[in-house]
file input36.pdb (PDB, C-alpha atoms)
ATOM      1  CA  ILE A   1      19.271 -22.854  -5.223
ATOM      2  CA  THR A   2      22.947 -23.540  -5.665
ATOM      3  CA  ARG A   3      26.098 -21.519  -5.155
ATOM      4  CA  ARG A   4      29.523 -21.965  -6.721
ATOM      5  CA  GLY A   5      32.178 -23.332  -4.458
ATOM      6  CA  VAL A   6      35.951 -23.368  -4.798
ATOM      7  CA  ALA A   7      37.566 -24.985  -7.840
ATOM      8  CA  ASP A   8      37.809 -28.763  -7.547
ATOM      9  CA  THR A   9      41.404 -29.446  -8.613
ATOM     10  CA  GLU A  10      41.153 -33.222  -8.147
ATOM     11  CA  THR A  11      38.622 -33.751 -10.963
ATOM     12  CA  ASP A  12      38.308 -31.153 -13.684
ATOM     13  CA  GLY A  13      39.357 -27.833 -12.153
ATOM     14  CA  GLU A  14      35.784 -26.457 -12.393
ATOM     15  CA  PRO A  15      34.137 -24.854  -9.359
ATOM     16  CA  SER A  16      31.683 -27.183  -7.712
ATOM     17  CA  ARG A  17      28.050 -26.211  -6.985
ATOM     18  CA  HIS A  18      26.503 -26.680  -3.544
ATOM     19  CA  ARG A  19      22.834 -26.667  -2.623
ATOM     20  CA  VAL A  20      22.139 -23.869  -0.177
ATOM     21  CA  ALA A  21      18.343 -23.522  -0.211
ATOM     22  CA  PHE A  22      15.073 -24.642  -1.743
ATOM     23  CA  CYS A  23      12.317 -22.519  -3.246
ATOM     24  CA  PRO A  24       8.969 -23.367  -4.830
ATOM     25  CA  ILE A  25       8.518 -22.809  -8.542
ATOM     26  CA  GLY A  26       5.408 -23.015 -10.671
ATOM     27  CA  VAL A  27       5.431 -25.902 -13.127
ATOM     28  CA  PHE A  28       1.884 -26.005 -14.470
ATOM     29  CA  ALA A  29      -0.726 -23.284 -14.786
ATOM     30  CA  PHE A  30      -3.894 -24.253 -12.932
ATOM     31  CA  GLU A  31      -5.742 -24.169 -16.275
ATOM     32  CA  SER A  32      -3.554 -27.084 -17.410
ATOM     33  CA  THR A  33      -4.576 -29.335 -14.535
ATOM     34  CA  ASP A  34      -7.546 -31.575 -13.799
ATOM     35  CA  GLY A  35      -9.477 -31.882 -10.575
ATOM     36  CA  ASP A  36     -11.960 -30.043  -8.455
ATOM     37  CA  PRO A  37     -12.372 -26.334  -9.177
ATOM     38  CA  LEU A  38     -10.158 -24.070  -7.111
ATOM     39  CA  PRO A  39     -11.929 -22.113  -4.394
ATOM     40  CA  THR A  40     -12.736 -18.491  -5.065
ATOM     41  CA  PHE A  41     -12.135 -15.872  -2.429
ATOM     42  CA  HIS A  42     -13.922 -12.636  -1.746
ATOM     43  CA  TYR A  43     -11.768 -10.040  -0.030
ATOM     44  CA  GLU A  44     -14.450  -7.435   0.644
ATOM     45  CA  PRO A  45     -15.265  -6.745   4.292
ATOM     46  CA  PRO A  46     -18.705  -7.794   5.576
ATOM     47  CA  THR A  47     -19.619  -4.115   5.897
ATOM     48  CA  PRO A  48     -17.963  -1.292   3.954
ATOM     49  CA  PRO A  49     -15.859   1.251   5.837
ATOM     50  CA  PRO A  50     -17.308   4.613   6.868
ATOM     51  CA  LEU A  51     -17.509   7.166   4.031
ATOM     52  CA  TRP A  52     -17.703   4.379   1.427
ATOM     53  CA  SER A  53     -20.295   6.365  -0.539
ATOM     54  CA  VAL A  54     -17.763   9.181  -1.045
ATOM     55  CA  ALA A  55     -15.871   7.014  -3.524
ATOM     56  CA  SER A  56     -18.891   6.379  -5.741
ATOM     57  CA  LYS A  57     -19.969  10.045  -5.558
ATOM     58  CA  LEU A  58     -16.508  11.010  -6.841
ATOM     59  CA  GLY A  59     -16.524   8.337  -9.558
ATOM     60  CA  ILE A  60     -13.794   6.275  -7.891
ATOM     61  CA  ARG A  61     -13.943   2.504  -8.285
ATOM     62  CA  VAL A  62     -12.777   0.601  -5.188
ATOM     63  CA  THR A  63     -11.898  -3.105  -5.235
ATOM     64  CA  TYR A  64     -10.363  -5.471  -2.708
ATOM     65  CA  ALA A  65      -7.519  -7.859  -3.515
ATOM     66  CA  PRO A  66      -5.264 -10.233  -1.563
ATOM     67  CA  PHE A  67      -2.355  -8.827   0.432
ATOM     68  CA  VAL A  68       0.807  -8.675  -1.682
ATOM     69  CA  GLY A  69       3.399  -7.881   0.953
ATOM     70  CA  ARG A  70       4.672  -4.363   0.258
ATOM     71  CA  TYR A  71       1.615  -2.158   0.568
ATOM     72  CA  LEU A  72      -1.909  -2.237   1.945
ATOM     73  CA  GLY A  73      -3.544  -0.430  -0.954
ATOM     74  CA  TYR A  74      -2.939   1.955  -3.820
ATOM     75  CA  PHE A  75      -4.638   4.587  -5.932
ATOM     76  CA  GLN A  76      -4.292   4.521  -9.737
ATOM     77  CA  PRO A  77      -4.651   8.106 -10.988
ATOM     78  CA  GLY A  78      -4.933   7.116 -14.665
ATOM     79  CA  THR A  79      -7.972   4.893 -14.099
ATOM     80  CA  ASN A  80      -9.331   6.541 -10.948
ATOM     81  CA  ASN A  81      -9.291   3.147  -9.212
ATOM     82  CA  ILE A  82      -8.383   2.198  -5.663
ATOM     83  CA  VAL A  83      -7.220  -1.317  -4.841
ATOM     84  CA  LEU A  84      -7.291  -2.247  -1.150
ATOM     85  CA  ASN A  85      -5.294  -5.143   0.269
ATOM     86  CA  SER A  86      -6.641  -4.545   3.763
ATOM     87  CA  GLN A  87     -10.110  -4.214   5.230
ATOM     88  CA  ASP A  88      -8.898  -1.542   7.643
ATOM     89  CA  SER A  89     -10.825   1.741   7.445
ATOM     90  CA  PHE A  90      -7.606   3.712   7.867
ATOM     91  CA  VAL A  91      -6.218   2.209   4.642
ATOM     92  CA  PHE A  92      -9.421   3.127   2.786
ATOM     93  CA  PHE A  93      -9.223   6.687   4.158
ATOM     94  CA  HIS A  94      -5.564   6.965   3.098
ATOM     95  CA  GLU A  95      -6.291   5.842  -0.473
ATOM     96  CA  ILE A  96      -9.468   7.918  -0.860
ATOM     97  CA  ALA A  97      -7.418  10.892   0.356
ATOM     98  CA  HIS A  98      -4.946  10.254  -2.493
ATOM     99  CA  ALA A  99      -7.848  10.194  -4.959
ATOM    100  CA  VAL A 100      -9.384  13.408  -3.608
ATOM    101  CA  HIS A 101      -5.984  15.104  -3.468
ATOM    102  CA  HIS A 102      -5.436  14.112  -7.116
ATOM    103  CA  SER A 103      -8.774  15.710  -8.059
ATOM    104  CA  ILE A 104      -7.642  18.977  -6.421
ATOM    105  CA  THR A 105      -3.975  18.965  -7.474
ATOM    106  CA  PRO A 106      -2.875  16.195  -9.859
ATOM    107  CA  LEU A 107      -0.348  13.853  -8.254
ATOM    108  CA  ARG A 108       3.032  14.040  -9.947
ATOM    109  CA  PRO A 109       6.403  12.305  -9.769
ATOM    110  CA  GLY A 110       8.956  13.836  -7.447
ATOM    111  CA  ASN A 111       6.358  14.930  -4.904
ATOM    112  CA  LEU A 112       5.868  11.555  -3.192
ATOM    113  CA  ALA A 113       6.751  12.594   0.369
ATOM    114  CA  ARG A 114       4.296  15.492   0.379
ATOM    115  CA  GLU A 115       1.523  13.429  -1.264
ATOM    116  CA  GLU A 116       1.967  10.545   1.201
ATOM    117  CA  CYS A 117       1.885  12.935   4.144
ATOM    118  CA  VAL A 118      -1.287  14.627   2.873
ATOM    119  CA  ALA A 119      -2.947  11.213   2.511
ATOM    120  CA  GLU A 120      -1.781   9.959   5.918
ATOM    121  CA  MET A 121      -2.725  13.151   7.764
ATOM    122  CA  SER A 122      -6.112  13.186   6.027
ATOM    123  CA  ALA A 123      -6.685   9.552   6.978
ATOM    124  CA  ALA A 124      -5.747  10.303  10.586
ATOM    125  CA  LEU A 125      -8.207  13.220  10.726
ATOM    126  CA  LEU A 126     -10.971  11.145   9.132
ATOM    127  CA  CYS A 127     -10.380   8.422  11.734
ATOM    128  CA  GLN A 128     -10.671  11.007  14.510
ATOM    129  CA  ILE A 129     -13.893  12.350  13.014
ATOM    130  CA  GLN A 130     -15.296   8.796  12.721
ATOM    131  CA  GLY A 131     -14.231   7.849  16.272
ATOM    132  CA  ILE A 132     -11.713   5.237  15.105
ATOM    133  CA  SER A 133      -8.598   4.819  17.240
ATOM    134  CA  GLY A 134      -5.537   2.611  17.365
ATOM    135  CA  TYR A 135      -3.790   3.963  14.268
ATOM    136  CA  GLU A 136      -1.894   6.853  15.874
ATOM    137  CA  HIS A 137       1.506   5.238  16.427
ATOM    138  CA  SER A 138       1.738   3.665  12.974
ATOM    139  CA  ALA A 139       0.580   6.915  11.345
ATOM    140  CA  TYR A 140       3.304   8.843  13.162
ATOM    141  CA  GLN A 141       5.919   6.279  12.088
ATOM    142  CA  TYR A 142       4.714   6.561   8.481
ATOM    143  CA  LEU A 143       4.812  10.351   8.577
ATOM    144  CA  SER A 144       8.258  10.488  10.157
ATOM    145  CA  HIS A 145       9.530   8.105   7.462
ATOM    146  CA  TYR A 146       8.403  10.469   4.700
ATOM    147  CA  ALA A 147       9.592  13.511   6.638
ATOM    148  CA  GLU A 148      12.969  11.712   6.687
ATOM    149  CA  THR A 149      13.578  12.475  10.347
ATOM    150  CA  LYS A 150      12.796  11.013  13.744
ATOM    151  CA  ASP A 151      12.987  14.380  15.502
ATOM    152  CA  PRO A 152       9.400  15.296  16.497
ATOM    153  CA  THR A 153       9.980  19.019  15.924
ATOM    154  CA  SER A 154      11.264  18.413  12.394
ATOM    155  CA  VAL A 155       8.371  16.030  11.624
ATOM    156  CA  LEU A 156       5.931  18.710  12.813
ATOM    157  CA  ALA A 157       7.626  21.367  10.683
ATOM    158  CA  PHE A 158       7.361  19.123   7.610
ATOM    159  CA  LEU A 159       3.688  18.365   8.300
ATOM    160  CA  MET A 160       2.793  22.024   8.784
ATOM    161  CA  GLY A 161       3.597  22.548   5.107
ATOM    162  CA  THR A 162       0.887  20.053   4.118
ATOM    163  CA  LEU A 163      -2.002  21.355   6.234
ATOM    164  CA  THR A 164      -3.580  23.490   3.497
ATOM    165  CA  ASP A 165      -3.882  20.437   1.241
ATOM    166  CA  VAL A 166      -5.057  18.260   4.142
ATOM    167  CA  GLU A 167      -7.832  20.763   4.891
ATOM    168  CA  LYS A 168      -8.964  20.739   1.240
ATOM    169  CA  VAL A 169      -8.982  16.926   1.084
ATOM    170  CA  VAL A 170     -10.861  16.410   4.353
ATOM    171  CA  THR A 171     -13.369  19.157   3.510
ATOM    172  CA  ARG A 172     -14.178  17.570   0.157
TER     173      ARG A 172
END

call {"tool": "encode", "arguments": {"input": "input36.pdb", "output": "structure tokens"}}
result
Amino acid sequence: ITRRGVADTETDGEPSRHRVAFCPIGVFAFESTDGDPLPTFHYEPPTPPPLWSVASKLGIRVTYAPFVGRYLGYFQPGTNNIVLNSQDSFVFFHEIAHAVHHSITPLRPGNLAREECVAEMSAALLCQIQGISGYEHSAYQYLSHYAETKDPTSVLAFLMGTLTDVEKVVTR
């Protein structure tokens, strides 16, 4: 990676370029190479998370994929698929909550904060019901991010508006 420097008046008056960093780039597709076959990886956990059967009963296809850096999973409303980039039960609960919420009230643009809070609150309740702990702090941080406040009273007020949907999702 190069950056332009100041104009070099001694040679041609053009700005010089200086190397500032290196980065890897793909040159050949693996199909264009010879050698031993590349290893295949299976990202599924050894045992499925609790409530795994709920997905199949609702016609939701769940697959695991490698971690991509920005999210731990996602729900695709158009295909009714969930892709998980984590083996954590909380992530599965969050994404299945999106799918169930979508079956009750279709997810729509412009309602992201509410939809994320319904999914996160539902996942937190499902963890409590299943006896899973250790998620509480990160769930609160996630919820306060979407509530767009750090004030606990304001976060609570925002979450109170989602409880009807959370109850419907967890009940289903």

call {"tool": "residues_around", "arguments": {"input": "input36.pdb", "residues": "range 127-133 of chain A", "least_positions_apart": "5", "cutoff": "8 Å", "atoms": "only C-alpha atoms", "output": "list in words"}}
result
Pro50, Ser89, Phe90 and Phe93 of chain A

call {"tool": "residues_around", "arguments": {"input": "input36.pdb", "residues": "Gln87 in chain A", "least_positions_apart": "4", "cutoff": "10 Å", "atoms": "all atoms listed in the file", "output": "PDB file with C-alpha atoms, in the frame of the given file"}}
result
ATOM      1  CA  TYR A  43     -11.768 -10.040  -0.030  1.00  0.00           C
ATOM      2  CA  GLU A  44     -14.450  -7.435   0.644  1.00  0.00           C
ATOM      3  CA  PRO A  45     -15.265  -6.745   4.292  1.00  0.00           C
ATOM      4  CA  PRO A  46     -18.705  -7.794   5.576  1.00  0.00           C
ATOM      5  CA  THR A  47     -19.619  -4.115   5.897  1.00  0.00           C
ATOM      6  CA  PRO A  48     -17.963  -1.292   3.954  1.00  0.00           C
ATOM      7  CA  PRO A  49     -15.859   1.251   5.837  1.00  0.00           C
ATOM      8  CA  TYR A  64     -10.363  -5.471  -2.708  1.00  0.00           C
ATOM      9  CA  ALA A  65      -7.519  -7.859  -3.515  1.00  0.00           C
ATOM     10  CA  LEU A  72      -1.909  -2.237   1.945  1.00  0.00           C
ATOM     11  CA  GLY A  73      -3.544  -0.430  -0.954  1.00  0.00           C
ATOM     12  CA  VAL A  91      -6.218   2.209   4.642  1.00  0.00           C
ATOM     13  CA  PHE A  92      -9.421   3.127   2.786  1.00  0.00           C
TER      14      PHE A  92
END

call {"tool": "residues_around", "arguments": {"input": "input36.pdb", "residues": "range 114-126 of chain A", "least_positions_apart": "2", "cutoff": "10 Å", "atoms": "all atoms listed in the file", "output": "ChimeraX atom specification"}}
result
/A:50-51,89-102,105,107-112,128-133,135-136,139-140,142-147,158-159,161-171

call {"tool": "axis_aligned_box", "arguments": {"input": "input36.pdb", "around": "range 12-27 of chain A", "padding_each_side": "4 Å", "output": "lines of an AutoDock Vina configuration file"}}
result
center_x = 22.4
center_y = -26.8
center_z = -6.9
size_x = 41.9
size_y = 16.6
size_z = 21.5

call {"tool": "resolve_selection", "arguments": {"input": "input36.pdb", "expression": "the PyMOL selection byres ((chain A and resi 5) around 6)", "output": "list in words"}}
result
Arg4, Val6, Pro15, Ser16 and Arg17 of chain A

call {"tool": "decode", "arguments": {"input": "input36.pdb", "residues": "range 9-134 of chain A", "atoms": "C-alpha atoms", "output": "PDB file, in the first residue's frame"}}
result
ATOM      1  CA  THR A   9      11.144  19.085  -7.508  1.00  0.00           C
ATOM      2  CA  GLU A  10      14.644  17.719  -8.152  1.00  0.00           C
ATOM      3  CA  THR A  11      13.532  15.109 -10.714  1.00  0.00           C
ATOM      4  CA  ASP A  12      10.234  15.554 -12.498  1.00  0.00           C
ATOM      5  CA  GLY A  13       7.997  17.570 -10.176  1.00  0.00           C
ATOM      6  CA  GLU A  14       5.668  14.573  -9.620  1.00  0.00           C
ATOM      7  CA  PRO A  15       4.700  13.524  -6.092  1.00  0.00           C
ATOM      8  CA  SER A  16       6.638  10.505  -4.954  1.00  0.00           C
ATOM      9  CA  ARG A  17       4.962   7.342  -3.593  1.00  0.00           C
ATOM     10  CA  HIS A  18       6.030   5.771  -0.300  1.00  0.00           C
ATOM     11  CA  ARG A  19       5.274   2.288   0.967  1.00  0.00           C
ATOM     12  CA  VAL A  20       3.307   2.497   4.189  1.00  0.00           C
ATOM     13  CA  ALA A  21       1.913  -1.020   4.661  1.00  0.00           C
ATOM     14  CA  PHE A  22       1.530  -4.495   3.223  1.00  0.00           C
ATOM     15  CA  CYS A  23      -1.642  -6.506   2.714  1.00  0.00           C
ATOM     16  CA  PRO A  24      -2.309  -9.974   1.314  1.00  0.00           C
ATOM     17  CA  ILE A  25      -4.104 -10.286  -1.999  1.00  0.00           C
ATOM     18  CA  GLY A  26      -5.459 -13.342  -3.752  1.00  0.00           C
ATOM     19  CA  VAL A  27      -3.602 -14.220  -6.938  1.00  0.00           C
ATOM     20  CA  PHE A  28      -4.927 -17.652  -7.869  1.00  0.00           C
ATOM     21  CA  ALA A  29      -8.228 -19.328  -7.090  1.00  0.00           C
ATOM     22  CA  PHE A  30      -7.659 -22.616  -5.280  1.00  0.00           C
ATOM     23  CA  GLU A  31      -9.302 -24.397  -8.234  1.00  0.00           C
ATOM     24  CA  SER A  32      -6.397 -23.200 -10.402  1.00  0.00           C
ATOM     25  CA  THR A  33      -3.743 -24.813  -8.227  1.00  0.00           C
ATOM     26  CA  ASP A  34      -2.316 -28.309  -7.874  1.00  0.00           C
ATOM     27  CA  GLY A  35      -1.571 -30.200  -4.699  1.00  0.00           C
ATOM     28  CA  ASP A  36      -3.274 -31.989  -1.880  1.00  0.00           C
ATOM     29  CA  PRO A  37      -6.981 -31.277  -1.429  1.00  0.00           C
ATOM     30  CA  LEU A  38      -7.765 -28.459   0.966  1.00  0.00           C
ATOM     31  CA  PRO A  39      -9.189 -29.525   4.311  1.00  0.00           C
ATOM     32  CA  THR A  40     -12.911 -29.215   4.827  1.00  0.00           C
ATOM     33  CA  PHE A  41     -14.293 -27.821   8.039  1.00  0.00           C
ATOM     34  CA  HIS A  42     -17.518 -28.544   9.830  1.00  0.00           C
ATOM     35  CA  TYR A  43     -18.729 -25.688  11.998  1.00  0.00           C
ATOM     36  CA  GLU A  44     -21.636 -27.455  13.690  1.00  0.00           C
ATOM     37  CA  PRO A  45     -21.350 -27.977  17.444  1.00  0.00           C
ATOM     38  CA  PRO A  46     -20.963 -31.556  18.719  1.00  0.00           C
ATOM     39  CA  THR A  47     -24.457 -31.319  20.205  1.00  0.00           C
ATOM     40  CA  PRO A  48     -27.161 -28.918  19.016  1.00  0.00           C
ATOM     41  CA  PRO A  49     -28.286 -26.122  21.331  1.00  0.00           C
ATOM     42  CA  PRO A  50     -31.421 -26.481  23.455  1.00  0.00           C
ATOM     43  CA  LEU A  51     -34.682 -25.944  21.535  1.00  0.00           C
ATOM     44  CA  TRP A  52     -33.023 -27.000  18.261  1.00  0.00           C
ATOM     45  CA  SER A  53     -36.169 -28.902  17.254  1.00  0.00           C
ATOM     46  CA  VAL A  54     -38.170 -25.648  17.335  1.00  0.00           C
ATOM     47  CA  ALA A  55     -36.448 -24.526  14.142  1.00  0.00           C
ATOM     48  CA  SER A  56     -37.415 -27.627  12.168  1.00  0.00           C
ATOM     49  CA  LYS A  57     -40.987 -27.552  13.538  1.00  0.00           C
ATOM     50  CA  LEU A  58     -41.291 -23.978  12.237  1.00  0.00           C
ATOM     51  CA  GLY A  59     -39.720 -24.832   8.870  1.00  0.00           C
ATOM     52  CA  ILE A  60     -36.560 -22.825   9.557  1.00  0.00           C
ATOM     53  CA  ARG A  61     -33.304 -24.105   8.086  1.00  0.00           C
ATOM     54  CA  VAL A  62     -30.281 -23.524  10.343  1.00  0.00           C
ATOM     55  CA  THR A  63     -26.687 -23.798   9.113  1.00  0.00           C
ATOM     56  CA  TYR A  64     -23.317 -23.012  10.652  1.00  0.00           C
ATOM     57  CA  ALA A  65     -20.604 -21.027   8.881  1.00  0.00           C
ATOM     58  CA  PRO A  66     -17.205 -19.563   9.796  1.00  0.00           C
ATOM     59  CA  PHE A  67     -17.038 -16.340  11.797  1.00  0.00           C
ATOM     60  CA  VAL A  68     -16.948 -13.306   9.499  1.00  0.00           C
ATOM     61  CA  GLY A  69     -16.114 -10.562  11.961  1.00  0.00           C
ATOM     62  CA  ARG A  70     -19.166  -8.300  12.203  1.00  0.00           C
ATOM     63  CA  TYR A  71     -21.929 -10.549  13.471  1.00  0.00           C
ATOM     64  CA  LEU A  72     -22.417 -13.915  15.128  1.00  0.00           C
ATOM     65  CA  GLY A  73     -25.423 -14.971  13.081  1.00  0.00           C
ATOM     66  CA  TYR A  74     -28.314 -13.716  10.999  1.00  0.00           C
ATOM     67  CA  PHE A  75     -31.840 -14.573   9.949  1.00  0.00           C
ATOM     68  CA  GLN A  76     -32.874 -14.313   6.280  1.00  0.00           C
ATOM     69  CA  PRO A  77     -36.618 -13.596   6.187  1.00  0.00           C
ATOM     70  CA  GLY A  78     -36.951 -14.211   2.432  1.00  0.00           C
ATOM     71  CA  THR A  79     -35.612 -17.769   2.636  1.00  0.00           C
ATOM     72  CA  ASN A  80     -36.503 -18.529   6.259  1.00  0.00           C
ATOM     73  CA  ASN A  81     -32.869 -19.487   6.902  1.00  0.00           C
ATOM     74  CA  ILE A  82     -30.643 -18.859   9.897  1.00  0.00           C
ATOM     75  CA  VAL A  83     -26.869 -18.795   9.518  1.00  0.00           C
ATOM     76  CA  LEU A  84     -24.890 -19.093  12.757  1.00  0.00           C
ATOM     77  CA  ASN A  85     -21.257 -18.039  13.040  1.00  0.00           C
ATOM     78  CA  SER A  86     -21.085 -19.098  16.676  1.00  0.00           C
ATOM     79  CA  GLN A  87     -21.902 -22.288  18.534  1.00  0.00           C
ATOM     80  CA  ASP A  88     -23.230 -20.298  21.485  1.00  0.00           C
ATOM     81  CA  SER A  89     -26.812 -21.152  22.470  1.00  0.00           C
ATOM     82  CA  PHE A  90     -27.563 -17.485  23.111  1.00  0.00           C
ATOM     83  CA  VAL A  91     -26.818 -16.655  19.457  1.00  0.00           C
ATOM     84  CA  PHE A  92     -29.133 -19.459  18.305  1.00  0.00           C
ATOM     85  CA  PHE A  93     -31.877 -18.183  20.637  1.00  0.00           C
ATOM     86  CA  HIS A  94     -31.432 -14.623  19.324  1.00  0.00           C
ATOM     87  CA  GLU A  95     -31.735 -15.702  15.678  1.00  0.00           C
ATOM     88  CA  ILE A  96     -34.633 -18.113  16.260  1.00  0.00           C
ATOM     89  CA  ALA A  97     -36.374 -15.249  18.074  1.00  0.00           C
ATOM     90  CA  HIS A  98     -35.992 -13.121  14.919  1.00  0.00           C
ATOM     91  CA  ALA A  99     -37.525 -15.939  12.866  1.00  0.00           C
ATOM     92  CA  VAL A 100     -40.450 -16.421  15.260  1.00  0.00           C
ATOM     93  CA  HIS A 101     -40.988 -12.667  15.533  1.00  0.00           C
ATOM     94  CA  HIS A 102     -41.076 -12.491  11.717  1.00  0.00           C
ATOM     95  CA  SER A 103     -43.760 -15.207  11.646  1.00  0.00           C
ATOM     96  CA  ILE A 104     -45.892 -13.124  14.045  1.00  0.00           C
ATOM     97  CA  THR A 105     -45.180  -9.644  12.653  1.00  0.00           C
ATOM     98  CA  PRO A 106     -43.104  -9.458   9.455  1.00  0.00           C
ATOM     99  CA  LEU A 107     -39.766  -7.731  10.021  1.00  0.00           C
ATOM    100  CA  ARG A 108     -39.515  -4.473   8.110  1.00  0.00           C
ATOM    101  CA  PRO A 109     -36.938  -1.776   7.411  1.00  0.00           C
ATOM    102  CA  GLY A 110     -36.881   1.150   9.797  1.00  0.00           C
ATOM    103  CA  ASN A 111     -37.809  -0.967  12.810  1.00  0.00           C
ATOM    104  CA  LEU A 112     -34.348  -2.425  13.493  1.00  0.00           C
ATOM    105  CA  ALA A 113     -33.928  -1.224  17.087  1.00  0.00           C
ATOM    106  CA  ARG A 114     -37.245  -2.695  18.211  1.00  0.00           C
ATOM    107  CA  GLU A 115     -36.668  -5.981  16.337  1.00  0.00           C
ATOM    108  CA  GLU A 116     -33.155  -6.391  17.780  1.00  0.00           C
ATOM    109  CA  CYS A 117     -34.425  -5.713  21.288  1.00  0.00           C
ATOM    110  CA  VAL A 118     -37.250  -8.247  20.916  1.00  0.00           C
ATOM    111  CA  ALA A 119     -34.733 -10.860  19.742  1.00  0.00           C
ATOM    112  CA  GLU A 120     -32.201 -10.080  22.484  1.00  0.00           C
ATOM    113  CA  MET A 121     -34.785  -9.996  25.278  1.00  0.00           C
ATOM    114  CA  SER A 122     -36.313 -13.240  23.998  1.00  0.00           C
ATOM    115  CA  ALA A 123     -32.880 -14.865  23.890  1.00  0.00           C
ATOM    116  CA  ALA A 124     -32.167 -13.697  27.439  1.00  0.00           C
ATOM    117  CA  LEU A 125     -35.462 -15.166  28.692  1.00  0.00           C
ATOM    118  CA  LEU A 126     -34.856 -18.446  26.859  1.00  0.00           C
ATOM    119  CA  CYS A 127     -31.406 -18.666  28.465  1.00  0.00           C
ATOM    120  CA  GLN A 128     -32.963 -18.130  31.894  1.00  0.00           C
ATOM    121  CA  ILE A 129     -35.556 -20.820  31.211  1.00  0.00           C
ATOM    122  CA  GLN A 130     -32.818 -23.229  30.033  1.00  0.00           C
ATOM    123  CA  GLY A 131     -30.549 -22.450  33.014  1.00  0.00           C
ATOM    124  CA  ILE A 132     -27.836 -20.849  30.868  1.00  0.00           C
ATOM    125  CA  SER A 133     -25.913 -17.975  32.442  1.00  0.00           C
ATOM    126  CA  GLY A 134     -23.009 -15.717  31.586  1.00  0.00           C
TER     127      GLY A 134
END
